[in-house]
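Participant: I am sharing query-v6.cif, which consists of mmCIF, C-alpha atoms and all ligand atoms:
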data_entry
#
loop_
_atom_site.label_atom_id
_atom_site.label_comp_id
_atom_site.auth_asym_id
_atom_site.auth_seq_id
_atom_site.Cartn_x
_atom_site.Cartn_y
_atom_site.Cartn_z
CA MET C 1 60.42 125.69 21.94
CA ASN C 2 59.32 123.94 25.10
CA ILE C 3 61.50 120.88 25.48
CA LEU C 4 61.15 117.81 27.67
CA VAL C 5 64.60 116.62 28.75
CA THR C 6 64.65 112.97 29.87
CA GLY C 7 67.60 112.15 32.12
CA GLY C 8 68.04 115.88 32.69
CA ALA C 9 69.49 115.43 36.18
CA GLY C 10 72.44 113.54 34.69
CA TYR C 11 75.84 114.82 33.62
CA ILE C 12 75.06 115.82 30.03
CA GLY C 13 71.37 116.51 30.65
CA SER C 14 72.00 119.09 33.38
CA HIS C 15 74.48 121.00 31.19
CA THR C 16 72.01 120.86 28.30
CA LEU C 17 69.26 122.34 30.49
CA VAL C 18 71.52 125.36 31.07
CA GLU C 19 72.23 125.81 27.34
CA LEU C 20 68.56 125.43 26.37
CA LEU C 21 67.42 128.08 28.85
CA ALA C 22 70.29 130.40 27.87
CA ALA C 23 69.12 130.13 24.25
CA GLY C 24 65.60 131.21 25.27
CA HIS C 25 63.90 127.82 25.19
CA GLY C 26 61.69 126.39 27.92
CA ALA C 27 62.66 123.11 29.57
CA VAL C 28 60.89 120.48 31.64
CA CYS C 29 62.93 117.67 33.19
CA VAL C 30 62.08 114.05 33.95
CA ASP C 31 64.54 111.75 35.70
CA ASP C 32 64.18 108.80 38.07
CA LEU C 33 67.43 109.83 39.82
CA SER C 34 68.78 106.29 39.45
CA ASN C 35 72.19 107.76 38.59
CA SER C 36 71.88 111.41 39.60
CA SER C 37 70.72 113.99 42.08
CA GLU C 38 67.82 116.45 41.83
CA GLU C 39 70.27 119.10 43.00
CA ALA C 40 71.79 119.14 39.50
CA VAL C 41 68.46 120.34 38.09
CA ILE C 42 68.05 122.98 40.80
CA LEU C 43 71.59 124.24 40.21
CA ALA C 44 71.14 124.23 36.42
CA GLY C 45 68.09 126.45 36.99
CA LYS C 46 70.15 128.67 39.26
CA ILE C 47 72.85 129.13 36.62
CA ALA C 48 70.21 129.97 34.01
CA GLY C 49 68.19 132.17 36.39
CA LYS C 50 64.99 130.15 35.82
CA ASP C 51 63.12 127.42 37.65
CA ILE C 52 63.00 124.12 35.81
CA PRO C 53 59.87 122.01 36.35
CA PHE C 54 61.09 118.61 37.56
CA TYR C 55 59.29 115.27 37.57
CA LYS C 56 60.90 112.40 39.46
CA ALA C 57 59.69 109.50 37.34
CA ASP C 58 60.84 106.49 35.41
CA ILE C 59 60.27 106.98 31.68
CA ARG C 60 59.04 103.37 31.50
CA ASP C 61 56.11 104.54 33.64
CA ARG C 62 53.51 105.35 30.98
CA SER C 63 51.07 107.11 33.30
CA ALA C 64 53.82 109.34 34.73
CA LEU C 65 54.83 110.36 31.19
CA ASP C 66 51.19 110.92 30.25
CA LYS C 67 50.86 113.31 33.16
CA ILE C 68 53.90 115.30 32.02
CA PHE C 69 52.54 115.65 28.48
CA THR C 70 49.10 116.57 29.81
CA GLU C 71 50.41 119.23 32.18
CA ASN C 72 52.92 120.76 29.75
CA HIS C 73 52.88 121.66 26.08
CA ILE C 74 55.96 119.85 24.75
CA ASP C 75 57.31 120.67 21.27
CA CYS C 76 60.27 118.35 21.34
CA VAL C 77 62.04 115.78 23.53
CA ILE C 78 65.77 115.48 24.14
CA HIS C 79 66.21 111.93 25.32
CA PHE C 80 69.20 111.24 27.61
CA ALA C 81 67.61 108.82 30.10
CA GLY C 82 69.24 105.41 30.17
CA PHE C 83 71.95 103.29 31.71
CA LYS C 84 75.44 103.95 30.35
CA ALA C 85 78.11 101.91 32.16
CA VAL C 86 79.89 99.70 29.63
CA GLY C 87 81.28 97.16 32.14
CA GLU C 88 78.00 96.86 34.05
CA SER C 89 76.15 96.25 30.78
CA MET C 90 78.17 93.06 30.29
CA ILE C 91 77.22 91.83 33.78
CA LYS C 92 73.56 92.94 33.65
CA PRO C 93 72.63 92.94 29.95
CA TRP C 94 68.93 92.23 30.62
CA GLU C 95 68.65 95.32 32.83
CA TYR C 96 70.38 97.41 30.15
CA TYR C 97 68.16 96.18 27.31
CA GLU C 98 65.06 96.54 29.46
CA ASN C 99 65.74 100.04 30.72
CA ASN C 100 67.17 101.52 27.54
CA LEU C 101 64.85 99.89 24.98
CA MET C 102 61.64 99.93 27.04
CA GLY C 103 62.37 103.52 28.06
CA THR C 104 62.58 104.60 24.42
CA LEU C 105 59.59 102.51 23.33
CA THR C 106 57.37 103.86 26.11
CA LEU C 107 58.55 107.42 25.58
CA THR C 108 57.97 107.40 21.82
CA ASP C 109 54.54 105.80 22.25
CA VAL C 110 53.40 108.45 24.74
CA MET C 111 54.90 111.16 22.54
CA ARG C 112 52.99 110.09 19.43
CA ARG C 113 49.75 109.79 21.40
CA HIS C 114 50.22 113.43 22.45
CA GLY C 115 51.09 114.54 18.91
CA CYS C 116 54.75 115.27 19.71
CA LYS C 117 57.03 113.65 17.11
CA ARG C 118 60.25 115.63 17.38
CA LEU C 119 63.07 113.82 19.15
CA ILE C 120 66.80 114.28 19.73
CA PHE C 121 68.43 111.02 20.78
CA SER C 122 71.71 110.49 22.68
CA SER C 123 73.73 107.83 20.95
CA THR C 124 77.38 106.99 21.26
CA SER C 125 80.45 106.85 19.04
CA THR C 126 80.90 103.25 20.19
CA VAL C 127 78.20 102.16 17.70
CA TYR C 128 81.00 102.53 15.12
CA GLY C 129 82.86 99.63 16.77
CA ASP C 130 86.55 99.37 15.87
CA PRO C 131 86.79 101.83 12.98
CA GLU C 132 88.57 100.94 9.76
CA ILE C 133 89.06 104.57 8.81
CA LEU C 134 89.95 107.55 10.99
CA PRO C 135 88.55 110.12 11.52
CA ILE C 136 85.10 108.53 11.81
CA ARG C 137 82.35 109.89 9.57
CA GLU C 138 78.64 109.34 10.06
CA ASP C 139 78.51 107.04 7.03
CA ALA C 140 81.10 104.64 8.52
CA PRO C 141 79.93 101.06 9.23
CA LYS C 142 77.87 100.81 12.41
CA GLY C 143 76.33 98.17 14.66
CA ASN C 144 79.35 95.92 15.25
CA CYS C 145 79.34 96.85 18.91
CA ALA C 146 81.83 95.63 21.51
CA ASN C 147 79.42 95.59 24.47
CA ALA C 148 75.75 95.36 25.44
CA TYR C 149 75.45 99.07 26.28
CA ALA C 150 76.54 100.14 22.80
CA ARG C 151 74.20 97.55 21.29
CA THR C 152 71.25 99.04 23.19
CA LYS C 153 72.10 102.39 21.59
CA TRP C 154 72.42 100.88 18.14
CA PHE C 155 69.08 99.07 18.51
CA GLN C 156 67.44 102.28 19.68
CA GLU C 157 68.78 104.09 16.61
CA GLU C 158 67.29 101.37 14.41
CA ILE C 159 63.92 101.54 16.21
CA LEU C 160 63.79 105.29 15.65
CA ARG C 161 64.59 104.90 11.94
CA ASP C 162 61.81 102.31 11.67
CA LEU C 163 59.28 104.62 13.35
CA CYS C 164 60.02 107.41 10.91
CA GLY C 165 60.12 105.03 7.92
CA ALA C 166 56.71 103.60 8.83
CA ASP C 167 55.17 107.07 9.03
CA LEU C 168 56.47 107.83 5.53
CA ARG C 169 55.21 104.49 4.16
CA ASN C 170 51.81 105.04 5.80
CA GLY C 171 51.51 108.57 4.44
CA ASP C 172 51.23 109.97 7.96
CA PRO C 173 50.60 113.74 7.62
CA ASP C 174 52.86 114.37 10.66
CA PRO C 175 55.78 111.96 10.43
CA TRP C 176 58.56 111.72 13.03
CA GLY C 177 61.46 114.17 12.80
CA ILE C 178 64.51 112.80 14.60
CA VAL C 179 68.14 113.75 15.17
CA ILE C 180 70.58 111.12 16.40
CA LEU C 181 73.70 112.48 18.07
CA ARG C 182 76.76 110.27 18.52
CA TYR C 183 78.89 111.62 21.31
CA PHE C 184 82.63 111.11 21.48
CA ASN C 185 84.15 111.60 24.98
CA PRO C 186 82.49 114.37 27.00
CA ILE C 187 84.57 115.74 29.87
CA GLY C 188 84.72 119.08 31.72
CA ALA C 189 82.04 120.84 33.69
CA HIS C 190 80.16 124.13 33.72
CA PRO C 191 82.73 126.91 34.38
CA SER C 192 80.73 128.01 37.44
CA GLY C 193 81.73 124.77 39.16
CA LEU C 194 78.10 124.32 40.24
CA ILE C 195 77.34 121.28 38.07
CA GLY C 196 79.60 118.54 36.75
CA GLU C 197 80.12 114.80 36.47
CA ASP C 198 79.35 112.89 39.67
CA PRO C 199 79.91 109.19 39.04
CA ARG C 200 78.69 106.70 41.64
CA GLY C 201 81.47 104.57 43.13
CA ILE C 202 84.91 104.34 41.53
CA PRO C 203 84.84 106.16 38.20
CA ASN C 204 85.24 104.24 34.96
CA GLY C 205 86.00 107.31 32.87
CA LEU C 206 89.48 108.76 32.57
CA MET C 207 88.82 112.39 33.58
CA PRO C 208 86.70 111.70 36.69
CA TYR C 209 89.37 109.21 37.75
CA ILE C 210 92.08 111.86 37.31
CA THR C 211 90.12 114.51 39.26
CA GLN C 212 89.50 112.06 42.10
CA VAL C 213 93.24 111.33 42.26
CA ALA C 214 93.86 115.09 42.28
CA VAL C 215 91.41 115.62 45.15
CA GLY C 216 92.89 112.73 47.15
CA ARG C 217 89.95 110.32 46.94
CA LEU C 218 92.04 107.88 44.86
CA GLU C 219 95.74 107.18 45.16
CA LYS C 220 96.92 106.95 41.56
CA LEU C 221 95.73 106.52 38.03
CA THR C 222 96.22 103.22 36.22
CA VAL C 223 96.83 103.82 32.52
CA PHE C 224 95.19 100.93 30.72
CA GLY C 225 97.73 99.73 28.17
CA SER C 226 101.05 101.17 27.03
CA ASP C 227 101.55 99.07 23.91
CA TYR C 228 98.88 100.36 21.55
CA ASP C 229 99.91 101.39 18.07
CA THR C 230 99.76 105.10 18.97
CA PRO C 231 102.57 107.68 19.34
CA ASP C 232 103.09 107.01 23.07
CA GLY C 233 101.44 103.57 23.28
CA THR C 234 98.32 104.75 25.14
CA GLY C 235 94.76 104.94 23.84
CA ILE C 236 93.52 107.89 21.80
CA ARG C 237 90.05 109.46 22.21
CA ASP C 238 88.27 112.59 21.00
CA TYR C 239 87.44 114.55 24.18
CA ILE C 240 84.77 117.25 23.94
CA HIS C 241 83.83 119.82 26.58
CA VAL C 242 80.41 118.98 28.03
CA CYS C 243 79.24 122.60 27.50
CA ASP C 244 80.10 122.30 23.80
CA LEU C 245 78.27 118.98 23.69
CA ALA C 246 75.26 120.64 25.35
CA SER C 247 75.28 123.54 22.89
CA GLY C 248 75.30 121.00 20.04
CA HIS C 249 71.84 119.92 21.19
CA VAL C 250 70.56 123.49 20.90
CA ALA C 251 72.06 123.75 17.40
CA VAL C 252 70.32 120.62 16.11
CA LEU C 253 66.85 121.81 17.15
CA SER C 254 66.77 123.56 13.76
CA ALA C 255 67.55 120.26 12.02
CA LEU C 256 64.40 118.51 13.28
CA LYS C 257 62.40 118.08 10.07
CA ALA C 258 59.22 116.05 9.62
CA GLY C 259 59.96 112.74 7.91
CA SER C 260 63.71 112.67 8.45
CA VAL C 261 66.24 110.96 10.70
CA ILE C 262 69.55 112.81 10.61
CA ASP C 263 72.69 111.69 12.42
CA TYR C 264 75.59 113.85 13.57
CA ASN C 265 78.85 113.18 15.36
CA LEU C 266 79.53 115.46 18.31
CA GLY C 267 83.29 115.61 18.73
CA THR C 268 86.17 117.98 18.14
CA GLY C 269 87.94 116.03 15.40
CA ARG C 270 91.14 115.90 17.47
CA GLY C 271 92.41 112.85 19.35
CA TYR C 272 94.56 112.85 22.48
CA THR C 273 96.38 109.97 24.15
CA VAL C 274 95.85 109.12 27.82
CA LEU C 275 99.30 110.51 28.66
CA GLU C 276 98.54 113.74 26.79
CA ILE C 277 95.42 114.12 28.93
CA VAL C 278 97.40 113.54 32.13
CA ARG C 279 100.01 116.11 31.10
CA ALA C 280 97.40 118.64 30.00
CA PHE C 281 95.61 118.26 33.35
CA GLU C 282 98.87 118.75 35.25
CA ALA C 283 99.80 121.82 33.18
CA ALA C 284 96.35 123.45 33.40
CA ASN C 285 96.01 122.98 37.15
CA GLY C 286 99.56 122.74 38.53
CA ILE C 287 98.84 119.36 40.14
CA GLU C 288 100.86 116.22 39.66
CA ILE C 289 98.89 113.05 38.85
CA PRO C 290 100.70 109.90 39.94
CA TYR C 291 100.11 107.04 37.52
CA VAL C 292 101.21 103.51 36.75
CA PHE C 293 100.85 101.46 33.61
CA GLY C 294 98.49 98.51 33.76
CA PRO C 295 97.24 95.99 31.23
CA ARG C 296 94.84 96.95 28.46
CA ARG C 297 91.20 97.20 29.58
CA PRO C 298 89.16 94.44 27.93
CA GLY C 299 87.03 95.75 25.07
CA ASP C 300 89.05 98.97 24.65
CA ILE C 301 89.86 100.20 21.17
CA ALA C 302 93.28 101.72 20.45
CA ALA C 303 92.16 104.95 18.83
CA TYR C 304 89.10 106.72 17.64
CA TRP C 305 88.20 110.28 16.92
CA SER C 306 85.48 112.00 14.94
CA ASP C 307 85.12 113.75 11.67
CA PRO C 308 82.86 116.53 13.00
CA SER C 309 82.45 118.30 9.65
CA LYS C 310 78.87 117.21 8.84
CA ILE C 311 77.26 119.27 11.59
CA ASP C 312 79.59 122.18 10.79
CA HIS C 313 78.72 122.17 7.07
CA GLU C 314 74.99 121.66 7.59
CA LEU C 315 74.32 123.75 10.70
CA GLY C 316 77.44 125.88 11.18
CA TRP C 317 78.12 124.37 14.60
CA LYS C 318 81.44 123.24 15.98
CA ALA C 319 83.03 122.66 19.37
CA GLU C 320 84.83 125.76 20.64
CA LYS C 321 86.55 124.82 23.87
CA GLY C 322 90.01 123.30 24.00
CA LEU C 323 91.70 120.72 26.17
CA GLU C 324 92.92 123.33 28.66
CA ASP C 325 89.31 124.46 29.28
CA MET C 326 88.24 120.85 29.72
CA CYS C 327 91.00 120.13 32.26
CA ARG C 328 90.51 123.39 34.17
CA ASP C 329 86.73 123.08 34.39
CA SER C 330 86.85 119.40 35.39
CA TRP C 331 89.16 120.29 38.28
CA ASN C 332 87.20 123.39 39.24
CA TRP C 333 84.06 121.24 39.68
CA GLN C 334 85.87 118.50 41.59
CA LYS C 335 87.75 120.80 43.96
CA LYS C 336 84.61 122.79 44.77
CA ASN C 337 82.62 119.55 45.23
CA PRO C 338 85.07 116.91 46.49
CA LYS C 339 82.19 114.50 47.09
CA GLY C 340 80.14 115.54 44.06
CA TYR C 341 76.54 116.45 44.86
CA GLY C 342 76.83 114.50 48.10
CA ARG C 343 79.18 117.12 49.57
P1 LIG I 1 73.95 110.06 33.34
O1 LIG I 1 73.83 108.69 33.93
O2 LIG I 1 74.64 111.13 34.13
O3 LIG I 1 72.50 110.60 32.92
C1 LIG I 1 71.45 109.72 32.55
C2 LIG I 1 70.26 110.06 33.42
O4 LIG I 1 69.17 109.20 33.09
C3 LIG I 1 70.54 109.85 34.93
O5 LIG I 1 70.24 111.06 35.60
C4 LIG I 1 69.60 108.73 35.34
O6 LIG I 1 69.13 108.91 36.66
C5 LIG I 1 68.50 108.85 34.30
N1 LIG I 1 67.76 107.60 34.00
C6 LIG I 1 68.25 106.37 33.71
N2 LIG I 1 67.24 105.53 33.45
C7 LIG I 1 66.08 106.25 33.58
C8 LIG I 1 64.70 105.94 33.45
N3 LIG I 1 64.30 104.72 33.11
N4 LIG I 1 63.79 106.91 33.65
C9 LIG I 1 64.19 108.16 34.00
N5 LIG I 1 65.47 108.52 34.14
C10 LIG I 1 66.41 107.56 33.94
O7 LIG I 1 74.65 109.91 31.91
P2 LIG I 1 75.22 111.03 30.94
O8 LIG I 1 76.70 110.90 30.90
O9 LIG I 1 74.62 112.35 31.24
O10 LIG I 1 74.67 110.49 29.56
C11 LIG I 1 73.43 110.93 29.02
C12 LIG I 1 73.12 110.10 27.79
O11 LIG I 1 74.18 110.20 26.87
C13 LIG I 1 72.94 108.62 28.10
O12 LIG I 1 71.91 108.11 27.29
C14 LIG I 1 74.28 108.03 27.69
O13 LIG I 1 74.17 106.68 27.33
C15 LIG I 1 74.65 108.91 26.51
N6 LIG I 1 76.09 108.99 26.28
C16 LIG I 1 76.94 109.38 27.29
C17 LIG I 1 78.31 109.43 27.05
C18 LIG I 1 79.27 109.83 28.15
O14 LIG I 1 80.48 109.61 27.99
N7 LIG I 1 78.83 110.42 29.26
C19 LIG I 1 78.83 109.08 25.80
C20 LIG I 1 77.94 108.69 24.79
C21 LIG I 1 76.57 108.66 25.05
N1 LIG I 2 91.64 105.01 30.79
C1 LIG I 2 92.75 104.73 31.57
N2 LIG I 2 92.57 104.63 32.92
C2 LIG I 2 91.37 104.81 33.54
C3 LIG I 2 90.25 105.12 32.72
C4 LIG I 2 90.42 105.21 31.35
O1 LIG I 2 93.85 104.55 31.06
O2 LIG I 2 91.27 104.69 34.76
C5 LIG I 2 91.83 105.14 29.33
C6 LIG I 2 91.00 104.16 28.52
O3 LIG I 2 91.70 102.94 28.36
C7 LIG I 2 90.80 104.92 27.21
C8 LIG I 2 90.74 106.39 27.66
O4 LIG I 2 91.36 106.42 28.95
O5 LIG I 2 91.93 104.78 26.38
C9 LIG I 2 89.32 106.93 27.78
O6 LIG I 2 88.56 106.03 28.62
P1 LIG I 2 87.10 106.39 29.10
O7 LIG I 2 86.61 105.24 29.94
O8 LIG I 2 87.09 107.76 29.71
O9 LIG I 2 86.28 106.50 27.74
P2 LIG I 2 85.92 105.37 26.65
O10 LIG I 2 86.81 104.19 26.86
O11 LIG I 2 84.50 105.08 26.89
O12 LIG I 2 86.18 106.00 25.34
#
I need this file expressed as structure tokens, please.
Ligand code: NAD
Ligand code: UDP
Facilitator:
Amino acid sequence: MNILVTGGAGYIGSHTLVELLAAGHGAVCVDDLSNSSEEAVILAGKIAGKDIPFYKADIRDRSALDKIFTENHIDCVIHFAGFKAVGESMIKPWEYYENNLMGTLTLTDVMRRHGCKRLIFSSTSTVYGDPEILPIREDAPKGNCANAYARTKWFQEEILRDLCGADLRNGDPDPWGIVILRYFNPIGAHPSGLIGEDPRGIPNGLMPYITQVAVGRLEKLTVFGSDYDTPDGTGIRDYIHVCDLASGHVAVLSALKAGSVIDYNLGTGRGYTVLEIVRAFEAANGIEIPYVFGPRRPGDIAAYWSDPSKIDHELGWKAEKGLEDMCRDSWNWQKKNPKGYGR
């Protein structure tokens, strides 16, 4: 297939470009570089041994998207482009709704006008809100989101279901075929150390914070909360290696079926506490991570991890890499690129 990857210069998008090309697919990338560097696309191409056509454009720019679809035959779109910072979304909700919703609306309109109705959409496990039952299955309650970012994802999911539903009601001979992927916590980097996560400013995420402490850019980690109802009092998440996450996108290409919207969790099914992550990082890399306990971070949930069995049963896909790989590859990327792509 020839696949348009929106947001392909970003953390998950760049790793997915590598996996797509390795699996023999073609890839075209569009990104406005609002949170990334074109170098990630060039390096992804270098890892895969292929050039990746790159368009620097905002997906809300209809004419720019039109040009991409006119110049390339696109069978399917993997849609990563959007804003993703939880805290920022509570300060700038309008910008988050505008970019994320208008991006998806413009993209899907241009797609249908060019006869391309196969879409894989990046959603988030946070659409499950504070789960009543662990592990979290795809049929768990959704939409009770704790922040504006997660709500944009939930609304986008609903828009996509409506688009497909309307095609079926209207008897459209070529209805939308959509896969929604809900990611748990991607960490790690490509084992080459050429591409990885390069957050702007002080990282919000646990692993980039740890690697920046390890490389000396930050002094110590603050563990947010030590009084959760978990074995050591710190929060539990389901961390998944970004290369596994990327390969999940290749696996679901076969699940794109006209007239269906299918959702899958992408996680490992195993939760780790913050302190377990710190210890695993120290053990994998032989580096001590100084930390202090701080108060709980507002909006944080004590524990969530996935039931990843649906994608395994239906498509025979599951995450393969373990926590040691995640910690080693995160550090390998950071130590080779102390300043990220701006080195
Ligand atoms: P990222 O910020 O590294 O990548 C997103 C990319 O989209 C960036 O390169 C950015 O420049 C681009 N972009 C943003 N708005 C755009 C626009 N209007 N037009 C064109 N490009 C635009 O983020 P990521 O971690 O790679 O996440 C990819 C997707 O997965 C996002 O949709 C994110 O919300 C979702 N997601 C990420 C996580 C995570 O923990 N990283 C978890 C769940 C879901
Ligand atoms: N966390 C922490 N210190 C940090 C960043 C994160 O203790 O500097 C904790 C956070 O409270 C959560 C876990 O690490 O329990 C994962 O946080 P992250 O922001 O990486 O992911 P998310 O909260 O989005 O699941």
Participant: Any idea what's packed within 8 Å of Pro290 (chain C), counting only C-alpha atoms, ignoring anything in its chain fewer than 2 positions away? Could you give it as an MDAnalysis selection string?
Facilitator: chainID C and resid 213 219:221 288 292
Participant: So that I can check the surroundings of His79 (chain C), please list as a PyMOL selection string every protein, DNA and RNA residue that reaches within 9 Å of it, counting all atoms listed in the file and ignoring chain neighbours fewer than 4 positions away.
Facilitator: chain C and resi 4-8+13+104+107+119-122
Participant: Throw together the list of residues within 6 Å of ligand LIG 1 (chain I), counting all atoms listed in the file, and drop it here as a compact mmCIF listing (two decimals) with C-alpha atoms, keeping the file's coordinate frame.
Facilitator:
# COMPACT_ATOMS: atom_id res chain seq x y z
CA GLY C 7 67.60 112.15 32.12
CA ALA C 9 69.49 115.43 36.18
CA GLY C 10 72.44 113.54 34.69
CA TYR C 11 75.84 114.82 33.62
CA ILE C 12 75.06 115.82 30.03
CA GLY C 13 71.37 116.51 30.65
CA ASP C 31 64.54 111.75 35.70
CA ASP C 32 64.18 108.80 38.07
CA LEU C 33 67.43 109.83 39.82
CA SER C 34 68.78 106.29 39.45
CA ASN C 35 72.19 107.76 38.59
CA SER C 36 71.88 111.41 39.60
CA ALA C 57 59.69 109.50 37.34
CA ASP C 58 60.84 106.49 35.41
CA ILE C 59 60.27 106.98 31.68
CA ARG C 60 59.04 103.37 31.50
CA PHE C 80 69.20 111.24 27.61
CA ALA C 81 67.61 108.82 30.10
CA GLY C 82 69.24 105.41 30.17
CA PHE C 83 71.95 103.29 31.71
CA LYS C 84 75.44 103.95 30.35
CA ASN C 99 65.74 100.04 30.72
CA GLY C 103 62.37 103.52 28.06
CA SER C 122 71.71 110.49 22.68
CA SER C 123 73.73 107.83 20.95
CA THR C 124 77.38 106.99 21.26
CA TYR C 183 78.89 111.62 21.31
CA ASN C 185 84.15 111.60 24.98
CA PRO C 186 82.49 114.37 27.00
Participant: Around ligand LIG 2 (chain I), which protein and nucleic acid residues have at least one atom no more than 6 Å from it, if we count all atoms listed in the file? List them as a compact mmCIF listing (two decimals) with C-alpha atoms, keeping the file's coordinate frame.
Facilitator:
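Listing of result.txt after writing:
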# COMPACT_ATOMS: atom_id res chain seq x y z
CA ASN C 185 84.15 111.60 24.98
CA ASN C 204 85.24 104.24 34.96
CA GLY C 205 86.00 107.31 32.87
CA LEU C 206 89.48 108.76 32.57
CA TYR C 209 89.37 109.21 37.75
CA LEU C 221 95.73 106.52 38.03
CA THR C 222 96.22 103.22 36.22
CA VAL C 223 96.83 103.82 32.52
CA PHE C 224 95.19 100.93 30.72
CA GLY C 235 94.76 104.94 23.84
CA ILE C 236 93.52 107.89 21.80
CA VAL C 274 95.85 109.12 27.82
CA ARG C 297 91.20 97.20 29.58
Participant: Fewer than 4 positions away in the same chain doesn't count, so skip those; otherwise give me all residues within 10 Å of region 14-23 of chain C, counting all atoms listed in the file, as a PyMOL selection string.
Facilitator: chain C and resi 1-5+7-10+27-29+36+38-52+78+189-190+195-197+242-251
Participant: Using only C-alpha atoms, find the one residue out of C:Trp154, C:Tyr264, C:Trp94, C:Trp305 that sits nearest to Lys142 (chain C).
Facilitator: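 Under the stated criterion, the closest residue is C:Trp154.
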Participant: Just to confirm, what's the straight-line distance from CA of Gly216 (chain C) to CA of Gly322 (chain C) in Å (one decimal)?
Facilitator: 25.6 Å
Participant: Reconstruct region 214-229 of chain C at the level of N, CA and C atoms, and format the result as an mmCIF file, in the frame of the given file.
Facilitator:
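Okay, rebuild13.cif is ready:
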data_model
loop_
_atom_site.group_PDB
_atom_site.id
_atom_site.type_symbol
_atom_site.label_atom_id
_atom_site.label_comp_id
_atom_site.auth_asym_id
_atom_site.auth_seq_id
_atom_site.Cartn_x
_atom_site.Cartn_y
_atom_site.Cartn_z
ATOM 1 N N ALA C 214 93.405 113.728 41.948
ATOM 2 C CA ALA C 214 93.860 115.090 42.280
ATOM 3 C C ALA C 214 93.292 115.548 43.626
ATOM 4 N N VAL C 215 92.049 115.159 43.918
ATOM 5 C CA VAL C 215 91.410 115.620 45.150
ATOM 6 C C VAL C 215 91.731 114.706 46.339
ATOM 7 N N GLY C 216 92.441 113.617 46.067
ATOM 8 C CA GLY C 216 92.890 112.730 47.150
ATOM 9 C C GLY C 216 91.939 111.588 47.477
ATOM 10 N N ARG C 217 90.879 111.440 46.672
ATOM 11 C CA ARG C 217 89.950 110.320 46.940
ATOM 12 C C ARG C 217 90.528 109.005 46.429
ATOM 13 N N LEU C 218 91.392 109.075 45.407
ATOM 14 C CA LEU C 218 92.040 107.880 44.860
ATOM 15 C C LEU C 218 93.541 108.116 44.856
ATOM 16 N N GLU C 219 94.294 107.041 44.956
ATOM 17 C CA GLU C 219 95.740 107.180 45.160
ATOM 18 C C GLU C 219 96.492 107.499 43.874
ATOM 19 N N LYS C 220 96.212 106.719 42.831
ATOM 20 C CA LYS C 220 96.920 106.950 41.560
ATOM 21 C C LYS C 220 96.092 106.410 40.403
ATOM 22 N N LEU C 221 96.407 106.955 39.239
ATOM 23 C CA LEU C 221 95.730 106.520 38.030
ATOM 24 C C LEU C 221 96.423 105.264 37.485
ATOM 25 N N THR C 222 95.634 104.309 37.001
ATOM 26 C CA THR C 222 96.220 103.220 36.220
ATOM 27 C C THR C 222 95.933 103.507 34.752
ATOM 28 N N VAL C 223 96.989 103.608 33.962
ATOM 29 C CA VAL C 223 96.830 103.820 32.520
ATOM 30 C C VAL C 223 96.664 102.444 31.887
ATOM 31 N N PHE C 224 95.521 102.257 31.242
ATOM 32 C CA PHE C 224 95.190 100.930 30.720
ATOM 33 C C PHE C 224 95.872 100.695 29.367
ATOM 34 N N GLY C 225 97.042 100.086 29.416
ATOM 35 C CA GLY C 225 97.730 99.730 28.170
ATOM 36 C C GLY C 225 98.771 100.758 27.782
ATOM 37 N N SER C 226 99.980 100.250 27.463
ATOM 38 C CA SER C 226 101.050 101.170 27.030
ATOM 39 C C SER C 226 101.666 100.670 25.724
ATOM 40 N N ASP C 227 100.983 99.684 25.115
ATOM 41 C CA ASP C 227 101.550 99.070 23.910
ATOM 42 C C ASP C 227 100.619 99.157 22.704
ATOM 43 N N TYR C 228 99.718 100.149 22.737
ATOM 44 C CA TYR C 228 98.880 100.360 21.550
ATOM 45 C C TYR C 228 99.714 100.974 20.431
ATOM 46 N N ASP C 229 99.229 100.819 19.221
ATOM 47 C CA ASP C 229 99.910 101.390 18.070
ATOM 48 C C ASP C 229 99.546 102.885 17.949
#
